[in-house]
Amino acid sequence: MRITVTVNGQPYERDVEPRLLLTHFLRDELDLTGTHWGCDTSNCGVCTVQLDGVPVKSCTVLAVMADGHEVTTVEGLEKDGELDAVQKGFVECHGLQCGFCTPGMLLTARWLLDNKPDPDEGEIREAISGQLCRCTGYENIVRSIRWAAEAEAKS
């Protein structure tokens, strides 16, 4: 099946199997390996991308379902060589350790700040509740997102 998908602002046209998952399309067809593949059951959230600006677990979305839509992956967060505020926050506040959950966390955090520029700790925790991190205990992730919110409020 032929699909056209805009990924990180660039249109792509590909022939894909109707059963191909979006996560595999991104990784295998477009070589965007920042989208991780974890549990394949939508439990862990490491495959989270944005579909038309909304976080989705790409292991539950078929590539054909993205036809005609916009997908943002972690590779699309930085603009013109400048890291996004959420990326900077994760650096400044040590919001990652092994990095496996980080792309999904970053995209969810970006969505949260786009929709609620000044979230409190509870709202941050609720937003990221669909992603598992086995390293950090979430404290530094929450701090990283707050840092990004505060940095964006100053700019």
# chains A, B, ... in the order shown; residues from 1 in each chain; ligands from 1
$ residues_around --residues "range 40-55 of chain A" --least-positions-apart "4" --cutoff "7 Å" --atoms "only C-alpha atoms" --output "ChimeraX atom specification"
/A:23,35-36,59-60,69-73,100-101,103-104,107-108,111,130-132
$ write_last_selection --atoms "N, CA, C and O atoms" --output "PDB file, in the first residue's frame"
ATOM      1  N   THR A  23       6.188   2.197  14.318  1.00  0.00           N
ATOM      2  CA  THR A  23       7.519   2.145  14.930  1.00  0.00           C
ATOM      3  C   THR A  23       8.538   1.523  13.974  1.00  0.00           C
ATOM      4  O   THR A  23       9.659   2.015  13.830  1.00  0.00           O
ATOM      5  N   THR A  35      13.289   6.552  17.788  1.00  0.00           N
ATOM      6  CA  THR A  35      12.063   5.926  18.270  1.00  0.00           C
ATOM      7  C   THR A  35      12.416   4.498  18.663  1.00  0.00           C
ATOM      8  O   THR A  35      12.779   3.691  17.813  1.00  0.00           O
ATOM      9  N   HIS A  36      12.334   4.215  19.943  1.00  0.00           N
ATOM     10  CA  HIS A  36      12.733   2.893  20.418  1.00  0.00           C
ATOM     11  C   HIS A  36      11.594   1.895  20.333  1.00  0.00           C
ATOM     12  O   HIS A  36      10.421   2.263  20.315  1.00  0.00           O
ATOM     13  N   CYS A  59       3.862   1.559  18.553  1.00  0.00           N
ATOM     14  CA  CYS A  59       3.711   0.107  18.414  1.00  0.00           C
ATOM     15  C   CYS A  59       2.240  -0.284  18.320  1.00  0.00           C
ATOM     16  O   CYS A  59       1.929  -1.447  18.074  1.00  0.00           O
ATOM     17  N   THR A  60       1.333   0.687  18.487  1.00  0.00           N
ATOM     18  CA  THR A  60      -0.100   0.397  18.368  1.00  0.00           C
ATOM     19  C   THR A  60      -0.720   1.095  17.161  1.00  0.00           C
ATOM     20  O   THR A  60      -1.937   1.051  16.988  1.00  0.00           O
ATOM     21  N   HIS A  69      -0.791  12.210   7.451  1.00  0.00           N
ATOM     22  CA  HIS A  69      -0.644  12.866   8.750  1.00  0.00           C
ATOM     23  C   HIS A  69       0.801  13.295   8.983  1.00  0.00           C
ATOM     24  O   HIS A  69       1.697  12.955   8.232  1.00  0.00           O
ATOM     25  N   GLU A  70       0.990  14.025  10.087  1.00  0.00           N
ATOM     26  CA  GLU A  70       2.323  14.480  10.486  1.00  0.00           C
ATOM     27  C   GLU A  70       2.794  13.702  11.706  1.00  0.00           C
ATOM     28  O   GLU A  70       2.049  13.573  12.678  1.00  0.00           O
ATOM     29  N   VAL A  71       4.012  13.232  11.636  1.00  0.00           N
ATOM     30  CA  VAL A  71       4.634  12.500  12.737  1.00  0.00           C
ATOM     31  C   VAL A  71       5.861  13.286  13.183  1.00  0.00           C
ATOM     32  O   VAL A  71       6.632  13.764  12.356  1.00  0.00           O
ATOM     33  N   THR A  72       6.019  13.417  14.482  1.00  0.00           N
ATOM     34  CA  THR A  72       7.233  14.014  15.036  1.00  0.00           C
ATOM     35  C   THR A  72       7.918  12.960  15.883  1.00  0.00           C
ATOM     36  O   THR A  72       7.303  12.352  16.757  1.00  0.00           O
ATOM     37  N   THR A  73       9.200  12.767  15.611  1.00  0.00           N
ATOM     38  CA  THR A  73      10.012  11.855  16.408  1.00  0.00           C
ATOM     39  C   THR A  73      11.008  12.690  17.210  1.00  0.00           C
ATOM     40  O   THR A  73      11.108  13.905  17.029  1.00  0.00           O
ATOM     41  N   PHE A 100      16.899   4.862  27.353  1.00  0.00           N
ATOM     42  CA  PHE A 100      15.956   4.061  26.564  1.00  0.00           C
ATOM     43  C   PHE A 100      14.558   4.673  26.549  1.00  0.00           C
ATOM     44  O   PHE A 100      13.907   4.723  25.517  1.00  0.00           O
ATOM     45  N   CYS A 101      14.099   5.203  27.666  1.00  0.00           N
ATOM     46  CA  CYS A 101      12.763   5.803  27.724  1.00  0.00           C
ATOM     47  C   CYS A 101      12.753   7.262  27.286  1.00  0.00           C
ATOM     48  O   CYS A 101      11.695   7.848  27.067  1.00  0.00           O
ATOM     49  N   PRO A 103      13.382   9.259  24.549  1.00  0.00           N
ATOM     50  CA  PRO A 103      12.657   9.839  23.422  1.00  0.00           C
ATOM     51  C   PRO A 103      11.148   9.968  23.676  1.00  0.00           C
ATOM     52  O   PRO A 103      10.564  11.025  23.417  1.00  0.00           O
ATOM     53  N   GLY A 104      10.545   8.944  24.224  1.00  0.00           N
ATOM     54  CA  GLY A 104       9.112   9.006  24.534  1.00  0.00           C
ATOM     55  C   GLY A 104       8.798  10.024  25.609  1.00  0.00           C
ATOM     56  O   GLY A 104       7.794  10.751  25.532  1.00  0.00           O
ATOM     57  N   LEU A 107       9.021  13.593  23.996  1.00  0.00           N
ATOM     58  CA  LEU A 107       7.884  13.934  23.140  1.00  0.00           C
ATOM     59  C   LEU A 107       6.617  14.151  23.953  1.00  0.00           C
ATOM     60  O   LEU A 107       5.808  15.032  23.633  1.00  0.00           O
ATOM     61  N   THR A 108       6.448  13.395  25.015  1.00  0.00           N
ATOM     62  CA  THR A 108       5.298  13.607  25.895  1.00  0.00           C
ATOM     63  C   THR A 108       5.438  14.925  26.634  1.00  0.00           C
ATOM     64  O   THR A 108       4.472  15.687  26.757  1.00  0.00           O
ATOM     65  N   TRP A 111       4.591  17.790  24.306  1.00  0.00           N
ATOM     66  CA  TRP A 111       3.137  17.899  24.166  1.00  0.00           C
ATOM     67  C   TRP A 111       2.531  18.569  25.403  1.00  0.00           C
ATOM     68  O   TRP A 111       1.688  19.458  25.278  1.00  0.00           O
ATOM     69  N   GLY A 130       2.238   7.103  31.267  1.00  0.00           N
ATOM     70  CA  GLY A 130       2.197   6.032  30.277  1.00  0.00           C
ATOM     71  C   GLY A 130       3.563   5.543  29.844  1.00  0.00           C
ATOM     72  O   GLY A 130       3.665   4.702  28.961  1.00  0.00           O
ATOM     73  N   GLN A 131       4.617   6.062  30.471  1.00  0.00           N
ATOM     74  CA  GLN A 131       5.965   5.650  30.131  1.00  0.00           C
ATOM     75  C   GLN A 131       6.686   5.099  31.348  1.00  0.00           C
ATOM     76  O   GLN A 131       6.594   5.674  32.423  1.00  0.00           O
ATOM     77  N   LEU A 132       7.380   4.017  31.116  1.00  0.00           N
ATOM     78  CA  LEU A 132       8.132   3.400  32.202  1.00  0.00           C
ATOM     79  C   LEU A 132       9.601   3.783  32.116  1.00  0.00           C
ATOM     80  O   LEU A 132      10.194   3.787  31.044  1.00  0.00           O
TER      81      LEU A 132
END
$ select_by_dssp --residues "range 1-76 of chain A" --states "strand (DSSP E or B)" --output "list of chain:residue names"
A:Arg2, A:Ile3, A:Thr4, A:Val5, A:Thr6, A:Val7, A:Gln10, A:Pro11, A:Tyr12, A:Glu13, A:Arg14, A:Asp15, A:Leu21, A:Thr48, A:Val49, A:Gln50, A:Leu51, A:Val54, A:Pro55, A:Val56, A:Lys57, A:Leu62, A:Glu70, A:Val71, A:Thr72
$ atom_distance --atom1 "CA of Val142 in chain A" --atom2 "CA of Ile124 in chain A"
6.4 Å
$ atom_distance --atom1 "CA of Glu92 in chain A" --atom2 "CA of Asn8 in chain A"
24.7 Å
$ residues_around --residues "range 75-89 of chain A" --least-positions-apart "5" --cutoff "12 Å" --atoms "only C-alpha atoms" --output "ChimeraX atom specification"
/A:6-10,26-27,30-36,49-50,53,70,94-96,99,102-114,117,140-155
$ atom_distance --atom1 "CA of Val56 in chain A" --atom2 "CA of Val74 in chain A"
12.9 Å
$ residues_around --residues "Glu17 in chain A" --least-positions-apart "5" --cutoff "10 Å" --atoms "only C-alpha atoms" --output "PyMOL selection string"
chain A and resi 1-2+25+62-64
$ write_last_selection --atoms "C-alpha atoms" --output "compact mmCIF listing (two decimals), in the first residue's frame"
# COMPACT_ATOMS: atom_id res chain seq x y z
CA MET A 1 0.00 0.00 0.00
CA ARG A 2 1.36 3.46 -0.91
CA PHE A 25 8.28 2.20 9.49
CA LEU A 62 -0.10 0.96 11.73
CA ALA A 63 2.01 2.95 9.28
CA VAL A 64 -1.00 3.13 6.92
$ residues_around --residues "Glu13 in chain A" --least-positions-apart "3" --cutoff "8 Å" --atoms "only C-alpha atoms" --output "MDAnalysis selection string"
chainID A and resid 2:5
$ closest_residue --among "A:Gln97, A:Pro11, A:Ser58, A:Ser129" --to "Gly38 in chain A" --atoms "only C-alpha atoms"
A:Ser58
$ select_by_dssp --residues "range 1-152 of chain A" --states "helix (DSSP H, G or I)" --output "ChimeraX atom specification"
/A:22-29,58-60,63-66,74-76,85-92,102-115,121-130,139-152
